[in-house]
>>> print(open('work.cif').read())   # mmCIF, C-alpha atoms
data_run
loop_
_atom_site.label_atom_id
_atom_site.label_comp_id
_atom_site.auth_asym_id
_atom_site.auth_seq_id
_atom_site.Cartn_x
_atom_site.Cartn_y
_atom_site.Cartn_z
CA MET A 1 0.00 0.00 0.00
CA SER A 2 1.37 3.45 -0.87
CA ASP A 3 2.10 6.12 1.75
CA GLN A 4 -0.72 8.21 0.31
CA LYS A 5 -3.26 5.42 0.83
CA GLN A 6 -1.93 4.78 4.34
CA LYS A 7 -2.60 8.41 5.22
CA LYS A 8 -6.13 8.12 3.86
CA VAL A 9 -6.81 5.04 5.98
CA LYS A 10 -5.76 6.97 9.09
CA LYS A 11 -8.38 9.63 8.31
CA ILE A 12 -11.24 7.11 8.15
CA ARG A 13 -14.44 8.09 9.95
CA PRO A 14 -16.67 5.07 9.38
CA ARG A 15 -19.57 6.64 11.29
CA SER A 16 -20.49 10.19 12.21
CA ARG A 17 -21.20 10.90 15.87
CA LEU A 18 -24.87 11.56 15.17
CA TYR A 19 -25.19 8.34 13.20
CA ALA A 20 -23.45 6.37 15.95
CA VAL A 21 -25.92 7.69 18.52
CA VAL A 22 -28.96 7.02 16.31
CA HIS A 23 -27.64 3.55 15.47
CA ALA A 24 -27.03 2.70 19.13
CA LEU A 25 -30.56 3.75 20.04
CA LEU A 26 -32.56 2.41 17.09
CA ALA A 27 -30.73 -0.40 15.27
CA ALA A 28 -31.66 -3.17 17.68
CA PRO A 29 -35.32 -2.09 18.05
CA ILE A 30 -35.65 -1.83 14.26
CA ARG A 31 -34.18 -5.32 13.80
CA PHE A 32 -36.57 -6.71 16.43
CA LEU A 33 -39.74 -4.91 15.35
CA THR A 34 -39.29 -5.49 11.61
CA ARG A 35 -37.92 -9.04 12.03
CA ILE A 36 -34.46 -8.53 10.58
CA HIS A 37 -32.11 -11.50 11.05
CA VAL A 38 -28.45 -10.86 10.21
CA HIS A 39 -26.14 -13.60 8.93
CA GLY A 40 -22.42 -13.35 8.20
CA ARG A 41 -21.75 -10.29 10.29
CA GLU A 42 -18.20 -11.55 10.77
CA ASN A 43 -17.65 -10.65 7.10
CA GLU A 44 -18.25 -6.94 7.70
CA PRO A 45 -14.83 -5.24 7.54
CA LEU A 46 -13.64 -3.54 10.70
CA PRO A 47 -13.27 0.25 10.55
CA GLU A 48 -9.46 0.12 10.41
CA GLN A 49 -9.63 -2.01 7.26
CA GLY A 50 -10.54 0.99 5.11
CA ALA A 51 -13.47 1.98 2.94
CA CYS A 52 -15.70 -0.41 1.04
CA LEU A 53 -18.61 -0.20 -1.37
CA VAL A 54 -21.68 -2.04 -0.08
CA ILE A 55 -23.93 -3.43 -2.83
CA CYS A 56 -27.31 -5.05 -2.26
CA ASN A 57 -30.46 -6.19 -4.05
CA HIS A 58 -33.30 -3.66 -3.96
CA LEU A 59 -36.83 -4.53 -2.87
CA VAL A 60 -38.47 -1.54 -1.19
CA TRP A 61 -37.69 2.04 -0.15
CA ARG A 62 -36.87 0.80 3.37
CA ASP A 63 -33.81 -1.15 2.18
CA PRO A 64 -31.30 1.57 3.23
CA ILE A 65 -32.77 1.44 6.75
CA ILE A 66 -32.51 -2.36 6.76
CA LEU A 67 -28.86 -2.17 5.68
CA CYS A 68 -28.01 0.42 8.30
CA ALA A 69 -29.68 -1.66 11.01
CA ALA A 70 -27.89 -4.82 9.85
CA LEU A 71 -24.36 -3.41 9.62
CA LYS A 72 -22.55 -2.95 12.91
CA TYR A 73 -19.41 -0.97 12.11
CA ARG A 74 -20.20 0.88 8.91
CA GLN A 75 -22.32 3.90 8.03
CA PRO A 76 -23.23 3.39 4.38
CA HIS A 77 -23.75 6.70 2.60
CA PHE A 78 -26.44 6.53 -0.07
CA MET A 79 -27.25 8.60 -3.12
CA ALA A 80 -30.73 10.11 -2.83
CA LYS A 81 -32.71 11.97 -5.45
CA LYS A 82 -32.06 15.67 -5.12
CA GLU A 83 -35.75 16.53 -4.69
CA LEU A 84 -35.71 14.96 -1.21
CA PHE A 85 -33.21 17.54 0.02
CA LYS A 86 -35.70 20.32 -0.67
CA ILE A 87 -38.25 18.89 1.78
CA PRO A 88 -38.17 20.76 5.11
CA LEU A 89 -36.68 18.74 8.00
CA LEU A 90 -36.34 15.58 5.89
CA GLY A 91 -33.68 17.13 3.67
CA GLY A 92 -31.58 18.24 6.62
CA LEU A 93 -31.98 14.94 8.41
CA ILE A 94 -30.96 12.66 5.54
CA LYS A 95 -28.01 14.94 4.76
CA THR A 96 -26.86 14.80 8.37
CA LEU A 97 -27.13 11.02 8.34
CA GLY A 98 -24.92 10.76 5.26
CA ALA A 99 -27.16 10.89 2.18
CA TYR A 100 -26.06 13.02 -0.76
CA PRO A 101 -28.00 14.25 -3.80
CA VAL A 102 -28.02 12.78 -7.27
CA ASN A 103 -29.87 13.77 -10.42
CA ARG A 104 -31.93 10.68 -11.22
CA GLY A 105 -32.93 12.02 -14.63
CA GLY A 106 -29.65 11.01 -16.25
CA ALA A 107 -25.98 10.25 -15.64
CA ASP A 108 -24.90 12.57 -12.84
CA VAL A 109 -21.15 12.74 -13.42
CA SER A 110 -20.56 15.05 -10.46
CA ALA A 111 -22.31 12.61 -8.08
CA ILE A 112 -20.23 9.73 -9.45
CA LYS A 113 -16.99 11.67 -8.97
CA TYR A 114 -18.09 12.66 -5.48
CA THR A 115 -18.79 9.02 -4.64
CA ILE A 116 -15.33 7.98 -5.82
CA ARG A 117 -13.72 10.75 -3.74
CA MET A 118 -15.65 9.68 -0.63
CA LEU A 119 -14.47 6.09 -1.00
CA GLN A 120 -10.89 7.25 -1.55
CA ASP A 121 -11.18 9.29 1.66
CA GLY A 122 -12.27 6.24 3.65
CA VAL A 123 -16.05 6.70 3.64
CA THR A 124 -18.31 3.67 3.17
CA VAL A 125 -20.89 3.99 0.39
CA GLY A 126 -24.00 1.88 -0.21
CA MET A 127 -25.45 1.24 -3.67
CA PHE A 128 -28.28 -0.78 -5.18
CA PRO A 129 -26.97 -1.86 -8.61
CA GLN A 130 -30.44 -2.66 -9.97
CA GLY A 131 -31.17 1.07 -9.93
CA HIS A 132 -34.85 0.60 -9.07
CA ARG A 133 -36.95 -1.32 -6.57
CA TYR A 134 -38.09 -4.77 -7.70
CA ASN A 135 -40.42 -6.01 -4.98
CA GLY A 136 -41.81 -9.44 -5.84
CA THR A 137 -39.23 -10.06 -8.58
CA ASP A 138 -36.36 -12.56 -8.59
CA PRO A 139 -33.30 -10.26 -8.61
CA ARG A 140 -31.49 -12.61 -11.00
CA THR A 141 -34.05 -11.68 -13.68
CA THR A 142 -33.09 -7.98 -13.43
CA LYS A 143 -30.11 -6.32 -15.08
CA PRO A 144 -27.72 -4.45 -12.76
CA LYS A 145 -26.24 -1.16 -13.89
CA MET A 146 -22.46 -1.04 -14.29
CA GLY A 147 -21.92 2.08 -12.14
CA ALA A 148 -21.06 0.27 -8.92
CA ALA A 149 -18.33 -1.80 -10.57
CA MET A 150 -16.82 1.26 -12.23
CA ILE A 151 -16.87 3.24 -8.97
CA ALA A 152 -15.29 0.45 -6.92
CA LEU A 153 -12.50 -0.04 -9.45
CA LYS A 154 -11.74 3.65 -9.88
CA ALA A 155 -11.73 4.18 -6.10
CA ASP A 156 -9.71 0.95 -5.66
CA VAL A 157 -11.86 -0.36 -2.81
CA PRO A 158 -13.37 -3.77 -2.07
CA VAL A 159 -17.04 -4.52 -2.61
CA LEU A 160 -19.12 -5.91 0.27
CA PRO A 161 -22.02 -8.00 -1.12
CA VAL A 162 -25.24 -8.07 0.89
CA TYR A 163 -28.49 -9.89 0.12
CA ILE A 164 -31.90 -9.15 1.62
CA LYS A 165 -33.94 -12.37 1.46
CA VAL A 166 -37.70 -12.43 1.97
CA LYS A 167 -40.32 -15.04 1.12
CA ASN A 168 -41.13 -15.05 -2.60
CA ASN A 169 -39.02 -11.88 -2.98
CA LYS A 170 -42.05 -9.94 -1.71
CA ALA A 171 -41.10 -7.62 1.11
CA LYS A 172 -43.67 -6.39 3.59
CA LEU A 173 -43.08 -4.21 6.62
CA PHE A 174 -43.31 -6.95 9.26
CA CYS A 175 -42.31 -9.99 7.22
CA ARG A 176 -39.14 -11.85 8.17
CA LYS A 177 -36.05 -10.41 6.49
CA ASP A 178 -32.81 -12.38 6.40
CA VAL A 179 -29.82 -10.17 5.64
CA TYR A 180 -26.78 -12.12 4.41
CA ILE A 181 -23.42 -10.35 4.48
CA GLY A 182 -20.84 -11.93 2.19
CA LYS A 183 -17.07 -11.77 2.18
CA PRO A 184 -15.54 -8.60 0.68
CA ILE A 185 -14.46 -8.83 -2.95
CA THR A 186 -11.17 -7.06 -3.63
CA PRO A 187 -10.40 -5.14 -6.82
CA ALA A 188 -7.78 -7.79 -7.66
CA GLU A 189 -10.47 -10.49 -7.56
CA MET A 190 -12.49 -8.56 -10.14
CA ASN A 191 -9.76 -9.19 -12.74
CA TYR A 192 -10.31 -5.92 -14.58
CA ASP A 193 -8.69 -5.81 -18.01
CA PRO A 194 -8.37 -2.20 -19.22
CA GLU A 195 -7.73 -3.41 -22.76
CA ALA A 196 -10.97 -5.42 -23.02
CA SER A 197 -14.36 -3.98 -23.93
CA GLY A 198 -17.43 -4.36 -21.74
CA GLU A 199 -15.40 -4.98 -18.61
CA TYR A 200 -17.59 -2.93 -16.25
CA GLU A 201 -20.70 -4.80 -17.41
CA ARG A 202 -18.96 -8.18 -17.02
CA ILE A 203 -17.64 -7.39 -13.58
CA MET A 204 -20.94 -5.93 -12.41
CA GLY A 205 -22.73 -9.08 -13.55
CA GLU A 206 -20.31 -11.23 -11.58
CA LEU A 207 -20.57 -9.01 -8.49
CA PHE A 208 -24.36 -9.07 -8.55
CA GLU A 209 -24.33 -12.84 -8.97
CA ARG A 210 -22.24 -13.00 -5.79
CA VAL A 211 -24.96 -10.93 -4.10
CA CYS A 212 -27.77 -13.22 -5.28
CA ALA A 213 -25.85 -16.37 -4.42
CA LEU A 214 -25.84 -15.35 -0.76
CA GLY A 215 -29.54 -16.18 -0.61
CA ASP A 216 -29.35 -19.54 -2.38
CA ASP A 217 -30.50 -22.69 -0.58
CA LYS A 218 -31.20 -20.85 2.63
CA ALA A 219 -34.41 -20.92 4.62
#
>>> encode(input="work.cif", output="structure tokens")
Amino acid sequence: MSDQKQKKVKKIRPRSRLYAVVHALLAAPIRFLTRIHVHGRENEPLPEQGACLVICNHLVWRDPIILCAALKYRQPHFMAKKELFKIPLLGGLIKTLGAYPVNRGGADVSAIKYTIRMLQDGVTVGMFPQGHRYNGTDPRTTKPKMGAAMIALKADVPVLPVYIKVKNNKAKLFCRKDVYIGKPITPAEMNYDPEASGEYERIMGELFERVCALGDDKA
């Protein structure tokens, strides 16, 4: 690891103070009340291990809350459509908790660059590669967008795969939710070939398959 990257690791702030307080107060009650069962928590990287990009299948709007309640050490920062930041109170709250705006109408290059910079500075980011919610749909039948693979490779950070499993892929507020945390996937394991075409699509497909495989053959 270069000296520059070692300095960045020392600056890591995996969770803001406000988030840590909110998490300490609400994570356990949320897991209990909404029936969240976490598996593979030992795979979640410790704070001193540097930034990572968390990727997960997307069922309902509550998925970011489920992820935050499931993860113990990390505060995943999520892109949120910019219109939400204009809503009184809500905008300030989600910004304080780590959300940042993105223009959902097209490719927001500035948001992508900002995401890469955050990861390089040791901040954990959460993304849903499917791009939209697919409640009641087998995630393997959806096509993930390549952005998460590109961001992870350009930021040179590992990807942490997470799968939210519910009965028949149909999430309801109080249904049982099994959250499976997989082992981090390093950039080296992605085998990126800069000379080959379609590499981001290939890698994203393989990463998302790793996500989906977490829920295979499990009750």
>>> closest_residue(input="work.cif", among="A:Leu18, A:Leu93, A:Val38, A:Ala80", to="A:Lys177", atoms="only C-alpha atoms")
A:Val38
>>> resolve_selection(input="work.cif", expression="the PyMOL selection byres ((chain A and resi 157) around 12)", output="PyMOL selection string")
chain A and resi 5+9+45+49-54+115-125+148-156+158-160+184-190
>>> atom_distance(input="work.cif", atom1="atom CA of A:Asn168", atom2="atom CA of A:Gly215")
11.8 Å
>>> residues_around(input="work.cif", residues="A:Gly98", least_positions_apart="6", cutoff="12 Å", atoms="only C-alpha atoms", output="PyMOL selection string")
chain A and resi 13-20+64+68+74-80+85+91-92+115+118+123-126
>>> atom_distance(input="work.cif", atom1="atom CA of A:Gly136", atom2="atom CA of A:His39")
21.9 Å
>>> resolve_selection(input="work.cif", expression="the PyMOL selection byres ((chain A and resi 43) around 7)", output="list in words")
Gly40, Arg41, Glu42, Glu44, Pro45, Ile181, Gly182 and Lys183 of chain A
>>> closest_residue(input="work.cif", among="A:Ile65, A:Leu89, A:Ala99, A:Leu207", to="A:Ala111", atoms="all atoms listed in the file")
A:Ala99
>>> atom_distance(input="work.cif", atom1="atom CA of A:Ala28", atom2="atom CA of A:Ala70")
8.8 Å
>>> resolve_selection(input="work.cif", expression="the PyMOL selection byres ((chain A and resi 59) around 8)", output="ChimeraX atom specification")
/A:57-58,60-61,63,133-136,169-171
>>> closest_residue(input="work.cif", among="A:Thr137, A:Gln130, A:Asp193, A:Ile55", to="A:Val162", atoms="all atoms listed in the file")
A:Ile55
>>> closest_residue(input="work.cif", among="A:Lys143, A:Phe208, A:Asp138, A:Ile94", to="A:Lys167", atoms="only C-alpha atoms")
A:Asp138
>>> closest_residue(input="work.cif", among="A:Leu33, A:Ala196, A:Leu26, A:Leu67", to="A:Phe128", atoms="all atoms listed in the file")
A:Leu67
>>> closest_residue(input="work.cif", among="A:Pro88, A:Pro129, A:Pro194, A:Gly147", to="A:Ile112", atoms="all atoms listed in the file")
A:Gly147
